[in-house]
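**Q** So here's input05.pdb (PDB, C-alpha atoms and all ligand atoms).
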```
MODEL        1
ATOM      1  CA  MET P  28     -24.508 -91.590 -24.687  1.00  0.00           C
ATOM      2  CA  ASP P  29     -24.695 -89.003 -27.415  1.00  0.00           C
ATOM      3  CA  ALA P  30     -28.290 -87.878 -27.872  1.00  0.00           C
ATOM      4  CA  GLN P  31     -27.873 -87.867 -31.644  1.00  0.00           C
ATOM      5  CA  VAL P  32     -27.118 -91.543 -31.699  1.00  0.00           C
ATOM      6  CA  LEU P  33     -29.810 -92.425 -29.192  1.00  0.00           C
ATOM      7  CA  SER P  34     -32.376 -91.958 -31.928  1.00  0.00           C
ATOM      8  CA  SER P  35     -36.055 -92.200 -31.138  1.00  0.00           C
ATOM      9  CA  GLU P  36     -38.340 -94.593 -32.985  1.00  0.00           C
ATOM     10  CA  PRO P  37     -39.854 -92.932 -36.069  1.00  0.00           C
ATOM     11  CA  LEU P  38     -43.486 -91.879 -35.642  1.00  0.00           C
ATOM     12  CA  SER P  39     -44.613 -93.924 -38.667  1.00  0.00           C
ATOM     13  CA  SER P  40     -43.140 -97.038 -37.109  1.00  0.00           C
ATOM     14  CA  ARG P  41     -44.875 -96.443 -33.745  1.00  0.00           C
ATOM     15  CA  VAL P  42     -48.198 -95.732 -35.462  1.00  0.00           C
ATOM     16  CA  TRP P  43     -47.888 -98.924 -37.476  1.00  0.00           C
ATOM     17  CA  GLY P  44     -47.208-100.919 -34.306  1.00  0.00           C
ATOM     18  CA  ALA P  45     -50.328 -99.492 -32.661  1.00  0.00           C
ATOM     19  CA  ILE P  46     -52.449-100.248 -35.742  1.00  0.00           C
ATOM     20  CA  ARG P  47     -51.168-103.817 -35.854  1.00  0.00           C
ATOM     21  CA  ASP P  48     -51.968-104.355 -32.178  1.00  0.00           C
ATOM     22  CA  PHE P  49     -55.442-102.959 -32.878  1.00  0.00           C
ATOM     23  CA  ILE P  50     -56.122-105.081 -35.982  1.00  0.00           C
ATOM     24  CA  PHE P  51     -54.742-108.238 -34.407  1.00  0.00           C
ATOM     25  CA  PRO P  52     -56.423-108.600 -31.010  1.00  0.00           C
ATOM     26  CA  PRO P  53     -54.325-109.853 -28.107  1.00  0.00           C
ATOM     27  CA  VAL P  54     -54.085-113.587 -28.553  1.00  0.00           C
ATOM     28  CA  CYS P  55     -51.184-115.876 -27.731  1.00  0.00           C
ATOM     29  CA  LEU P  56     -48.854-115.851 -30.751  1.00  0.00           C
ATOM     30  CA  VAL P  57     -48.146-119.544 -30.165  1.00  0.00           C
ATOM     31  CA  CYS P  58     -51.545-121.188 -29.517  1.00  0.00           C
ATOM     32  CA  GLU P  59     -53.930-118.305 -30.370  1.00  0.00           C
ATOM     33  CA  LYS P  60     -55.707-118.452 -27.012  1.00  0.00           C
ATOM     34  CA  ASP P  61     -56.976-115.030 -25.793  1.00  0.00           C
ATOM     35  CA  THR P  62     -54.613-113.207 -23.466  1.00  0.00           C
ATOM     36  CA  ASP P  63     -54.894-110.016 -21.430  1.00  0.00           C
ATOM     37  CA  GLY P  64     -52.614-108.269 -23.919  1.00  0.00           C
ATOM     38  CA  ALA P  65     -49.519-110.424 -23.418  1.00  0.00           C
ATOM     39  CA  PRO P  66     -48.007-111.851 -26.623  1.00  0.00           C
ATOM     40  CA  ILE P  67     -47.957-115.339 -25.091  1.00  0.00           C
ATOM     41  CA  CYS P  68     -50.308-117.127 -22.693  1.00  0.00           C
ATOM     42  CA  ASP P  69     -49.150-118.488 -19.328  1.00  0.00           C
ATOM     43  CA  ASP P  70     -49.283-122.120 -20.507  1.00  0.00           C
ATOM     44  CA  CYS P  71     -46.997-121.446 -23.480  1.00  0.00           C
ATOM     45  CA  LEU P  72     -44.750-119.204 -21.391  1.00  0.00           C
ATOM     46  CA  ALA P  73     -44.233-122.084 -18.959  1.00  0.00           C
ATOM     47  CA  LEU P  74     -42.715-124.129 -21.810  1.00  0.00           C
ATOM     48  CA  ILE P  75     -39.923-121.607 -22.401  1.00  0.00           C
ATOM     49  CA  GLN P  76     -36.662-122.609 -20.702  1.00  0.00           C
ATOM     50  CA  PRO P  77     -34.715-119.594 -19.408  1.00  0.00           C
ATOM     51  CA  ILE P  78     -30.970-120.106 -18.932  1.00  0.00           C
ATOM     52  CA  GLU P  79     -30.285-118.856 -15.434  1.00  0.00           C
ATOM     53  CA  ARG P  80     -27.457-120.991 -14.101  1.00  0.00           C
ATOM     54  CA  GLY P  81     -24.977-123.654 -15.142  1.00  0.00           C
ATOM     55  CA  PHE P  82     -24.016-121.930 -18.396  1.00  0.00           C
ATOM     56  CA  CYS P  83     -20.615-121.393 -20.043  1.00  0.00           C
ATOM     57  CA  GLN P  84     -19.197-118.128 -18.698  1.00  0.00           C
ATOM     58  CA  LEU P  85     -18.010-117.171 -22.175  1.00  0.00           C
ATOM     59  CA  CYS P  86     -20.563-118.289 -24.793  1.00  0.00           C
ATOM     60  CA  GLY P  87     -23.566-118.704 -22.481  1.00  0.00           C
ATOM     61  CA  GLN P  88     -24.583-122.215 -23.493  1.00  0.00           C
ATOM     62  CA  PRO P  89     -26.151-124.355 -20.775  1.00  0.00           C
ATOM     63  CA  LEU P  90     -23.858-127.080 -19.448  1.00  0.00           C
ATOM     64  CA  GLY P  91     -25.837-128.740 -16.723  1.00  0.00           C
ATOM     65  CA  ARG P  92     -27.425-127.631 -13.510  1.00  0.00           C
ATOM     66  CA  LYS P  93     -24.710-128.517 -11.029  1.00  0.00           C
ATOM     67  CA  ARG P  94     -21.933-126.251 -12.202  1.00  0.00           C
ATOM     68  CA  ARG P  95     -22.163-122.575 -11.374  1.00  0.00           C
ATOM     69  CA  SER P  96     -18.976-121.460 -13.087  1.00  0.00           C
ATOM     70  CA  TYR P  97     -17.671-123.176 -16.177  1.00  0.00           C
ATOM     71  CA  ILE P  98     -16.080-122.701 -19.573  1.00  0.00           C
ATOM     72  CA  CYS P  99     -17.181-125.106 -22.301  1.00  0.00           C
ATOM     73  CA  PRO P 100     -14.651-127.135 -24.384  1.00  0.00           C
ATOM     74  CA  GLU P 101     -15.612-125.163 -27.509  1.00  0.00           C
ATOM     75  CA  CYS P 102     -14.630-121.865 -25.849  1.00  0.00           C
ATOM     76  CA  VAL P 103     -11.344-123.358 -24.622  1.00  0.00           C
ATOM     77  CA  ARG P 104     -10.563-124.501 -28.164  1.00  0.00           C
ATOM     78  CA  LYS P 105     -11.870-121.498 -30.111  1.00  0.00           C
ATOM     79  CA  PRO P 106     -12.697-118.520 -27.909  1.00  0.00           C
ATOM     80  CA  LEU P 107     -15.019-115.858 -29.303  1.00  0.00           C
ATOM     81  CA  ALA P 108     -13.972-112.215 -29.605  1.00  0.00           C
ATOM     82  CA  LEU P 109     -16.836-111.464 -27.207  1.00  0.00           C
ATOM     83  CA  ALA P 110     -15.986-111.447 -23.512  1.00  0.00           C
ATOM     84  CA  ARG P 111     -19.318-113.034 -22.627  1.00  0.00           C
ATOM     85  CA  VAL P 112     -22.572-113.953 -24.341  1.00  0.00           C
ATOM     86  CA  ARG P 113     -25.856-114.341 -22.503  1.00  0.00           C
ATOM     87  CA  ALA P 114     -29.078-115.664 -23.991  1.00  0.00           C
ATOM     88  CA  TRP P 115     -32.384-115.366 -22.176  1.00  0.00           C
ATOM     89  CA  ALA P 116     -33.667-118.881 -23.013  1.00  0.00           C
ATOM     90  CA  ARG P 117     -33.142-121.994 -25.087  1.00  0.00           C
ATOM     91  CA  PHE P 118     -34.213-121.501 -28.696  1.00  0.00           C
ATOM     92  CA  THR P 119     -36.738-124.332 -28.713  1.00  0.00           C
ATOM     93  CA  HIS P 120     -40.514-124.471 -29.035  1.00  0.00           C
ATOM     94  CA  PRO P 121     -42.319-122.174 -28.398  1.00  0.00           C
ATOM     95  CA  LEU P 122     -39.630-119.459 -28.257  1.00  0.00           C
ATOM     96  CA  ASP P 123     -38.669-120.181 -31.876  1.00  0.00           C
ATOM     97  CA  LYS P 124     -42.220-119.313 -32.917  1.00  0.00           C
ATOM     98  CA  LEU P 125     -42.154-116.010 -31.032  1.00  0.00           C
ATOM     99  CA  VAL P 126     -38.782-114.995 -32.460  1.00  0.00           C
ATOM    100  CA  TYR P 127     -39.980-115.865 -35.948  1.00  0.00           C
ATOM    101  CA  ALA P 128     -43.116-113.748 -35.436  1.00  0.00           C
ATOM    102  CA  PHE P 129     -40.940-110.876 -34.236  1.00  0.00           C
ATOM    103  CA  LYS P 130     -38.650-111.149 -37.245  1.00  0.00           C
ATOM    104  CA  TYR P 131     -41.225-111.277 -39.982  1.00  0.00           C
ATOM    105  CA  ALA P 132     -44.218-109.405 -38.579  1.00  0.00           C
ATOM    106  CA  ARG P 133     -43.669-106.362 -36.480  1.00  0.00           C
ATOM    107  CA  TYR P 134     -45.176-106.800 -33.020  1.00  0.00           C
ATOM    108  CA  SER P 135     -44.347-103.954 -30.681  1.00  0.00           C
ATOM    109  CA  ARG P 136     -45.681-105.904 -27.699  1.00  0.00           C
ATOM    110  CA  LEU P 137     -43.126-108.639 -28.443  1.00  0.00           C
ATOM    111  CA  ALA P 138     -40.332-106.059 -28.346  1.00  0.00           C
ATOM    112  CA  ARG P 139     -41.503-105.004 -24.872  1.00  0.00           C
ATOM    113  CA  PHE P 140     -41.949-108.612 -23.755  1.00  0.00           C
ATOM    114  CA  PHE P 141     -38.438-109.663 -24.851  1.00  0.00           C
ATOM    115  CA  ALA P 142     -36.880-106.446 -23.545  1.00  0.00           C
ATOM    116  CA  ARG P 143     -38.317-107.071 -20.067  1.00  0.00           C
ATOM    117  CA  ARG P 144     -36.691-110.527 -19.971  1.00  0.00           C
ATOM    118  CA  LEU P 145     -33.391-109.288 -21.366  1.00  0.00           C
ATOM    119  CA  ALA P 146     -33.339-106.392 -18.893  1.00  0.00           C
ATOM    120  CA  LEU P 147     -33.459-108.935 -16.047  1.00  0.00           C
ATOM    121  CA  VAL P 148     -30.572-110.865 -17.626  1.00  0.00           C
ATOM    122  CA  VAL P 149     -28.506-107.663 -17.937  1.00  0.00           C
ATOM    123  CA  GLN P 150     -29.314-106.481 -14.423  1.00  0.00           C
ATOM    124  CA  SER P 151     -28.454-109.850 -12.869  1.00  0.00           C
ATOM    125  CA  ASP P 152     -25.139-110.153 -14.711  1.00  0.00           C
ATOM    126  CA  GLY P 153     -22.201-108.336 -13.128  1.00  0.00           C
ATOM    127  CA  LEU P 154     -20.457-107.826 -16.487  1.00  0.00           C
ATOM    128  CA  LEU P 155     -23.314-106.949 -18.831  1.00  0.00           C
ATOM    129  CA  GLY P 156     -24.905-104.816 -16.133  1.00  0.00           C
ATOM    130  CA  SER P 157     -21.915-102.453 -16.206  1.00  0.00           C
ATOM    131  CA  ALA P 158     -21.974-101.891 -19.996  1.00  0.00           C
ATOM    132  CA  ASP P 159     -21.967 -98.365 -21.467  1.00  0.00           C
ATOM    133  CA  ALA P 160     -24.069 -98.975 -24.579  1.00  0.00           C
ATOM    134  CA  ILE P 161     -26.366-101.412 -26.381  1.00  0.00           C
ATOM    135  CA  ILE P 162     -25.614-101.915 -30.084  1.00  0.00           C
ATOM    136  CA  PRO P 163     -28.145-103.710 -32.327  1.00  0.00           C
ATOM    137  CA  ILE P 164     -26.879-106.086 -35.023  1.00  0.00           C
ATOM    138  CA  PRO P 165     -27.958-104.301 -38.212  1.00  0.00           C
ATOM    139  CA  LEU P 166     -29.830-105.638 -41.216  1.00  0.00           C
ATOM    140  CA  HIS P 167     -28.648-104.752 -44.691  1.00  0.00           C
ATOM    141  CA  LEU P 168     -30.429-101.580 -45.857  1.00  0.00           C
ATOM    142  CA  SER P 169     -32.270-103.473 -48.607  1.00  0.00           C
ATOM    143  CA  LYS P 170     -33.689-105.944 -46.078  1.00  0.00           C
ATOM    144  CA  ARG P 171     -34.535-103.198 -43.646  1.00  0.00           C
ATOM    145  CA  TRP P 172     -36.371-101.304 -46.356  1.00  0.00           C
ATOM    146  CA  TRP P 173     -38.287-104.424 -47.373  1.00  0.00           C
ATOM    147  CA  ARG P 174     -39.366-105.303 -43.830  1.00  0.00           C
ATOM    148  CA  GLY P 175     -39.758-101.709 -42.730  1.00  0.00           C
ATOM    149  CA  TYR P 176     -37.922-102.314 -39.463  1.00  0.00           C
ATOM    150  CA  ASN P 177     -34.993-104.089 -37.887  1.00  0.00           C
ATOM    151  CA  GLN P 178     -36.107-106.307 -35.026  1.00  0.00           C
ATOM    152  CA  SER P 179     -32.799-105.947 -33.144  1.00  0.00           C
ATOM    153  CA  GLU P 180     -33.086-102.170 -33.318  1.00  0.00           C
ATOM    154  CA  LEU P 181     -36.655-102.231 -31.933  1.00  0.00           C
ATOM    155  CA  LEU P 182     -35.476-104.501 -29.170  1.00  0.00           C
ATOM    156  CA  ALA P 183     -32.391-102.386 -28.433  1.00  0.00           C
ATOM    157  CA  ARG P 184     -34.546 -99.299 -28.093  1.00  0.00           C
ATOM    158  CA  GLU P 185     -36.902-101.006 -25.619  1.00  0.00           C
ATOM    159  CA  LEU P 186     -34.025-102.546 -23.696  1.00  0.00           C
ATOM    160  CA  SER P 187     -32.308 -99.189 -23.517  1.00  0.00           C
ATOM    161  CA  SER P 188     -35.351 -97.540 -21.991  1.00  0.00           C
ATOM    162  CA  GLN P 189     -35.756-100.381 -19.480  1.00  0.00           C
ATOM    163  CA  THR P 190     -32.111-100.550 -18.357  1.00  0.00           C
ATOM    164  CA  GLY P 191     -31.039 -96.933 -18.761  1.00  0.00           C
ATOM    165  CA  ILE P 192     -28.086 -98.078 -20.906  1.00  0.00           C
ATOM    166  CA  GLY P 193     -27.993 -95.935 -24.065  1.00  0.00           C
ATOM    167  CA  MET P 194     -28.497 -97.404 -27.526  1.00  0.00           C
ATOM    168  CA  LEU P 195     -25.694 -96.802 -29.986  1.00  0.00           C
ATOM    169  CA  ASP P 196     -26.730 -97.637 -33.534  1.00  0.00           C
ATOM    170  CA  CYS P 197     -23.194 -97.493 -34.883  1.00  0.00           C
ATOM    171  CA  ILE P 198     -22.614-100.487 -37.157  1.00  0.00           C
ATOM    172  CA  LYS P 199     -23.928-101.196 -40.624  1.00  0.00           C
ATOM    173  CA  ARG P 200     -24.091-104.262 -42.809  1.00  0.00           C
ATOM    174  CA  ARG P 201     -22.018-103.703 -45.910  1.00  0.00           C
ATOM    175  CA  ARG P 202     -23.486-106.520 -47.928  1.00  0.00           C
ATOM    176  CA  VAL P 203     -26.353-108.982 -47.901  1.00  0.00           C
ATOM    177  CA  THR P 204     -25.367-112.256 -46.254  1.00  0.00           C
ATOM    178  CA  ARG P 205     -26.918-115.659 -46.886  1.00  0.00           C
ATOM    179  CA  THR P 206     -29.170-117.271 -44.293  1.00  0.00           C
ATOM    180  CA  GLN P 207     -26.788-119.244 -42.104  1.00  0.00           C
ATOM    181  CA  THR P 208     -29.070-122.191 -41.330  1.00  0.00           C
ATOM    182  CA  ARG P 209     -27.671-124.750 -43.753  1.00  0.00           C
ATOM    183  CA  LEU P 210     -24.037-123.657 -43.766  1.00  0.00           C
ATOM    184  CA  THR P 211     -21.037-125.486 -42.282  1.00  0.00           C
ATOM    185  CA  PRO P 212     -18.979-123.680 -39.602  1.00  0.00           C
ATOM    186  CA  GLU P 213     -16.387-122.645 -42.229  1.00  0.00           C
ATOM    187  CA  GLN P 214     -19.089-121.385 -44.594  1.00  0.00           C
ATOM    188  CA  ARG P 215     -20.714-119.405 -41.774  1.00  0.00           C
ATOM    189  CA  ARG P 216     -17.466-117.642 -41.003  1.00  0.00           C
ATOM    190  CA  ALA P 217     -16.824-116.887 -44.683  1.00  0.00           C
ATOM    191  CA  ASN P 218     -20.429-115.727 -45.108  1.00  0.00           C
ATOM    192  CA  VAL P 219     -20.142-112.970 -42.487  1.00  0.00           C
ATOM    193  CA  GLU P 220     -16.492-112.059 -43.019  1.00  0.00           C
ATOM    194  CA  GLY P 221     -16.237-108.337 -43.704  1.00  0.00           C
ATOM    195  CA  ALA P 222     -20.032-108.017 -43.514  1.00  0.00           C
ATOM    196  CA  PHE P 223     -19.989-105.177 -40.952  1.00  0.00           C
ATOM    197  CA  SER P 224     -18.401-101.784 -40.630  1.00  0.00           C
ATOM    198  CA  ILE P 225     -18.742 -98.722 -38.429  1.00  0.00           C
ATOM    199  CA  ARG P 226     -21.292 -96.257 -39.808  1.00  0.00           C
ATOM    200  CA  ARG P 227     -19.803 -93.189 -41.391  1.00  0.00           C
ATOM    201  CA  GLY P 228     -19.950 -90.145 -39.164  1.00  0.00           C
ATOM    202  CA  VAL P 229     -19.914 -92.088 -35.874  1.00  0.00           C
ATOM    203  CA  ASP P 230     -17.683 -90.256 -33.386  1.00  0.00           C
ATOM    204  CA  PRO P 231     -14.814 -92.676 -32.531  1.00  0.00           C
ATOM    205  CA  LEU P 232     -14.919 -91.375 -28.959  1.00  0.00           C
ATOM    206  CA  LEU P 233     -18.300 -93.042 -28.506  1.00  0.00           C
ATOM    207  CA  LEU P 234     -16.566 -96.421 -28.720  1.00  0.00           C
ATOM    208  CA  ALA P 235     -13.065 -95.747 -27.401  1.00  0.00           C
ATOM    209  CA  GLY P 236     -12.547 -97.606 -24.131  1.00  0.00           C
ATOM    210  CA  ARG P 237     -16.242 -98.491 -23.870  1.00  0.00           C
ATOM    211  CA  LYS P 238     -17.878-101.713 -22.777  1.00  0.00           C
ATOM    212  CA  VAL P 239     -20.721-102.489 -25.135  1.00  0.00           C
ATOM    213  CA  ILE P 240     -23.475-105.079 -25.552  1.00  0.00           C
ATOM    214  CA  LEU P 241     -24.163-106.412 -29.042  1.00  0.00           C
ATOM    215  CA  LEU P 242     -27.791-107.416 -29.378  1.00  0.00           C
ATOM    216  CA  ASP P 243     -29.186-110.074 -31.730  1.00  0.00           C
ATOM    217  CA  ASP P 244     -32.211-112.375 -31.737  1.00  0.00           C
ATOM    218  CA  VAL P 245     -30.507-115.786 -31.649  1.00  0.00           C
ATOM    219  CA  ILE P 246     -26.985-117.159 -31.200  1.00  0.00           C
ATOM    220  CA  THR P 247     -26.039-120.389 -32.998  1.00  0.00           C
ATOM    221  CA  SER P 248     -22.381-120.678 -34.055  1.00  0.00           C
ATOM    222  CA  GLY P 249     -21.706-117.140 -32.807  1.00  0.00           C
ATOM    223  CA  SER P 250     -20.077-116.178 -36.125  1.00  0.00           C
ATOM    224  CA  THR P 251     -22.310-113.134 -36.731  1.00  0.00           C
ATOM    225  CA  LEU P 252     -21.839-111.708 -33.233  1.00  0.00           C
ATOM    226  CA  ASP P 253     -18.129-112.486 -33.396  1.00  0.00           C
ATOM    227  CA  GLU P 254     -17.618-110.716 -36.717  1.00  0.00           C
ATOM    228  CA  ALA P 255     -19.459-107.613 -35.489  1.00  0.00           C
ATOM    229  CA  ALA P 256     -17.495-107.725 -32.214  1.00  0.00           C
ATOM    230  CA  GLU P 257     -14.182-107.674 -34.136  1.00  0.00           C
ATOM    231  CA  VAL P 258     -15.280-104.503 -35.924  1.00  0.00           C
ATOM    232  CA  LEU P 259     -16.142-102.821 -32.607  1.00  0.00           C
ATOM    233  CA  LEU P 260     -12.859-103.907 -30.974  1.00  0.00           C
ATOM    234  CA  ASP P 261     -10.903-102.606 -33.991  1.00  0.00           C
ATOM    235  CA  ALA P 262     -12.750 -99.308 -33.574  1.00  0.00           C
ATOM    236  CA  GLY P 263     -11.487 -99.049 -29.995  1.00  0.00           C
ATOM    237  CA  ALA P 264     -14.197-100.663 -27.881  1.00  0.00           C
ATOM    238  CA  GLU P 265     -12.642-102.090 -24.709  1.00  0.00           C
ATOM    239  CA  THR P 266     -14.974-105.058 -24.246  1.00  0.00           C
ATOM    240  CA  VAL P 267     -17.838-106.479 -26.281  1.00  0.00           C
ATOM    241  CA  TYR P 268     -20.567-108.623 -24.732  1.00  0.00           C
ATOM    242  CA  GLY P 269     -23.292-110.436 -26.642  1.00  0.00           C
ATOM    243  CA  LEU P 270     -26.943-110.663 -25.678  1.00  0.00           C
ATOM    244  CA  THR P 271     -29.637-112.643 -27.469  1.00  0.00           C
ATOM    245  CA  VAL P 272     -33.225-113.676 -26.876  1.00  0.00           C
ATOM    246  CA  GLY P 273     -32.611-117.317 -27.793  1.00  0.00           C
ATOM    247  CA  GLY P 274     -29.638-119.648 -27.855  1.00  0.00           C
ATOM    248  CA  ALA P 275     -29.209-122.782 -30.022  1.00  0.00           C
ATOM    249  CA  TRP P 276     -25.485-123.275 -29.855  1.00  0.00           C
ATOM    250  CA  ILE P 277     -23.780-125.320 -32.571  1.00  0.00           C
ATOM    251  CA  ALA P 278     -20.114-126.040 -33.276  1.00  0.00           C
ATOM    252  CA  ARG P 279     -18.118-123.123 -34.659  1.00  0.00           C
TER
HETATM  253 ZN    ZN P 301     -50.420-120.067 -25.779  1.00  0.00          ZN
HETATM  254 ZN    ZN P 302     -18.619-121.665 -24.245  1.00  0.00          ZN
ENDMDL
END
```
Could you take the file, read its structure, and then write that structure out as structure tokens?

**A**
Amino acid sequence: MDAQVLSSEPLSSRVWGAIRDFIFPPVCLVCEKDTDGAPICDDCLALIQPIERGFCQLCGQPLGRKRRSYICPECVRKPLALARVRAWARFTHPLDKLVYAFKYARYSRLARFFARRLALVVQSDGLLGSADAIIPIPLHLSKRWWRGYNQSELLARELSSQTGIGMLDCIKRRRVTRTQTRLTPEQRRANVEGAFSIRRGVDPLLLAGRKVILLDDVITSGSTLDEAAEVLLDAGAETVYGLTVGGAWIAR
């Protein structure tokens, strides 16, 4: 990938991460028990449910242990623009707590922790493993400024260094969207419609004919990933995959 686009993390942001890790000693972010530096203790980690088999080959939702290859009724009825979505684990306790911590307080060790898990998902998946670039779902500039970072971008950077797949920070959010939690499927689609565009100045050749992975923290209805995928396909991307830390699939 183009070195200009594979931007390195700003120094201020790395320094802040180190200070935070220093001020907040290594305790489990779920139960606050001391750890050896890991963001989660072994007991809490054991409660997380990774999705390793028996998932829908298109949207990634778990469908039962017995089936190895399957497409869920929702994907038959309303396929996503994404060729495949994979989520590391079910978005239930205590993963929801970790993702929340990552979203609202910057923990660089969480970025590394999640990236290690996601790297294994990518490397074990024949399709995602062959992707050319990792693209983080952007925050609106106003939100990014307020938080000081975009968690998907931090994660994309870590994942890129662990998989060797370049990060391409090529989409932007054109407007602030509402939190999707309480919206109906129709409202979710309307909420994100036209929310993304390709950043100005991005060389179209970086996307033309490429297979790319869109990265976000959680998939629910898939409407955010789907909207961003449409923008990338319109810009010439050949295939768009989705990758998230957690999955809590709901009707779309
Ligand atoms: Zn714990
Ligand atoms: Zn599905």

**Q** Dig up all the protein and nucleic acid residues within 6 Å of (-24.5, -107.8, -24.9) in the file frame, using all atoms listed in the file, and format them as a list of chain:residue names.

**A**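 Collected hits near the coordinates: P:Ile240, P:Leu241, P:Leu242, P:Tyr268, P:Gly269, P:Leu270.
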
**Q** Please identify every polymer residue within 12 Å of ligand ZN 302 (chain P), using all atoms listed in the file, and present the set as a ChimeraX atom specification.

**A** /P:81-90,96-113,246-249,274,276-279

**Q** Restricted to C-alpha atoms, what would the selected residues look like written as an mmCIF file, in the frame of the given file?

**A**
```
data_model
loop_
_atom_site.group_PDB
_atom_site.id
_atom_site.type_symbol
_atom_site.label_atom_id
_atom_site.label_comp_id
_atom_site.auth_asym_id
_atom_site.auth_seq_id
_atom_site.Cartn_x
_atom_site.Cartn_y
_atom_site.Cartn_z
ATOM 1 C CA GLY P 81 -24.977 -123.654 -15.142
ATOM 2 C CA PHE P 82 -24.016 -121.930 -18.396
ATOM 3 C CA CYS P 83 -20.615 -121.393 -20.043
ATOM 4 C CA GLN P 84 -19.197 -118.128 -18.698
ATOM 5 C CA LEU P 85 -18.010 -117.171 -22.175
ATOM 6 C CA CYS P 86 -20.563 -118.289 -24.793
ATOM 7 C CA GLY P 87 -23.566 -118.704 -22.481
ATOM 8 C CA GLN P 88 -24.583 -122.215 -23.493
ATOM 9 C CA PRO P 89 -26.151 -124.355 -20.775
ATOM 10 C CA LEU P 90 -23.858 -127.080 -19.448
ATOM 11 C CA SER P 96 -18.976 -121.460 -13.087
ATOM 12 C CA TYR P 97 -17.671 -123.176 -16.177
ATOM 13 C CA ILE P 98 -16.080 -122.701 -19.573
ATOM 14 C CA CYS P 99 -17.181 -125.106 -22.301
ATOM 15 C CA PRO P 100 -14.651 -127.135 -24.384
ATOM 16 C CA GLU P 101 -15.612 -125.163 -27.509
ATOM 17 C CA CYS P 102 -14.630 -121.865 -25.849
ATOM 18 C CA VAL P 103 -11.344 -123.358 -24.622
ATOM 19 C CA ARG P 104 -10.563 -124.501 -28.164
ATOM 20 C CA LYS P 105 -11.870 -121.498 -30.111
ATOM 21 C CA PRO P 106 -12.697 -118.520 -27.909
ATOM 22 C CA LEU P 107 -15.019 -115.858 -29.303
ATOM 23 C CA ALA P 108 -13.972 -112.215 -29.605
ATOM 24 C CA LEU P 109 -16.836 -111.464 -27.207
ATOM 25 C CA ALA P 110 -15.986 -111.447 -23.512
ATOM 26 C CA ARG P 111 -19.318 -113.034 -22.627
ATOM 27 C CA VAL P 112 -22.572 -113.953 -24.341
ATOM 28 C CA ARG P 113 -25.856 -114.341 -22.503
ATOM 29 C CA ILE P 246 -26.985 -117.159 -31.200
ATOM 30 C CA THR P 247 -26.039 -120.389 -32.998
ATOM 31 C CA SER P 248 -22.381 -120.678 -34.055
ATOM 32 C CA GLY P 249 -21.706 -117.140 -32.807
ATOM 33 C CA GLY P 274 -29.638 -119.648 -27.855
ATOM 34 C CA TRP P 276 -25.485 -123.275 -29.855
ATOM 35 C CA ILE P 277 -23.780 -125.320 -32.571
ATOM 36 C CA ALA P 278 -20.114 -126.040 -33.276
ATOM 37 C CA ARG P 279 -18.118 -123.123 -34.659
#
```

**Q** Can you tell me which residues sit at most 7 Å away from ligand ZN 301 (chain P), counting all atoms listed in the file, written as a list of chain:residue names?

**A** P:Cys55, P:Leu56, P:Val57, P:Cys58, P:Glu59, P:Lys60, P:Ile67, P:Cys68, P:Asp69, P:Asp70, P:Cys71

**Q** Smallest atom-to-atom distance to P:Pro165: which of P:Ala65, P:Arg215, P:Ala114, P:Leu182, using all atoms listed in the file?

**A**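 Looking only at the distances to P:Pro165, the closest residue turns out to be P:Leu182.
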
**Q** Excluding same-chain residues fewer than 2 positions from P:Pro163, what lies within 9 Å of it counting all atoms listed in the file, as a list in words?

**A**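 Listed by chain and then number, they are Ile161, Pro165, Asn177, Gln178, Ser179, Glu180, Leu181, Leu182, Ala183, Arg184, Met194, Leu195, Asp196, Cys197, Ile198, Ile240, Leu241, Leu242 and Asp243 of chain P.
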
**Q** How about saving the chosen residues, C-alpha atoms kept, as a PDB file, keeping the file's coordinate frame?

**A**
```
ATOM      1  CA  ILE P 161     -26.366-101.412 -26.381  1.00  0.00           C
ATOM      2  CA  PRO P 165     -27.958-104.301 -38.212  1.00  0.00           C
ATOM      3  CA  ASN P 177     -34.993-104.089 -37.887  1.00  0.00           C
ATOM      4  CA  GLN P 178     -36.107-106.307 -35.026  1.00  0.00           C
ATOM      5  CA  SER P 179     -32.799-105.947 -33.144  1.00  0.00           C
ATOM      6  CA  GLU P 180     -33.086-102.170 -33.318  1.00  0.00           C
ATOM      7  CA  LEU P 181     -36.655-102.231 -31.933  1.00  0.00           C
ATOM      8  CA  LEU P 182     -35.476-104.501 -29.170  1.00  0.00           C
ATOM      9  CA  ALA P 183     -32.391-102.386 -28.433  1.00  0.00           C
ATOM     10  CA  ARG P 184     -34.546 -99.299 -28.093  1.00  0.00           C
ATOM     11  CA  MET P 194     -28.497 -97.404 -27.526  1.00  0.00           C
ATOM     12  CA  LEU P 195     -25.694 -96.802 -29.986  1.00  0.00           C
ATOM     13  CA  ASP P 196     -26.730 -97.637 -33.534  1.00  0.00           C
ATOM     14  CA  CYS P 197     -23.194 -97.493 -34.883  1.00  0.00           C
ATOM     15  CA  ILE P 198     -22.614-100.487 -37.157  1.00  0.00           C
ATOM     16  CA  ILE P 240     -23.475-105.079 -25.552  1.00  0.00           C
ATOM     17  CA  LEU P 241     -24.163-106.412 -29.042  1.00  0.00           C
ATOM     18  CA  LEU P 242     -27.791-107.416 -29.378  1.00  0.00           C
ATOM     19  CA  ASP P 243     -29.186-110.074 -31.730  1.00  0.00           C
TER      20      ASP P 243
END
```

**Q** Give me the result of the PyMOL selection byres (((chain P and resi 132-148) around 9) and not hetatm) on this file, residue by residue, as a PyMOL selection string.

**A** chain P and resi 41+43-45+47-48+64-67+79+113-115+125-131+149-152+155-156+174-176+178-179+181-187+189-190+270-272

**Q** Which value, in Å to one decimal, gives the distance between atom CA of P:Ile78 and atom CA of P:Val219?

**A** 26.9 Å

**Q** Grab all the atoms of stretch 181-190 of chain P that the file lists, wrap them in a box along x, y and z, add 3 Å per side, and give me centre plus edge lengths in Å (one decimal) as JSON.

**A**
```
{"center_x": -34.5, "center_y": -101.0, "center_z": -25.1, "size_x": 10.8, "size_y": 13.0, "size_z": 19.6}
```
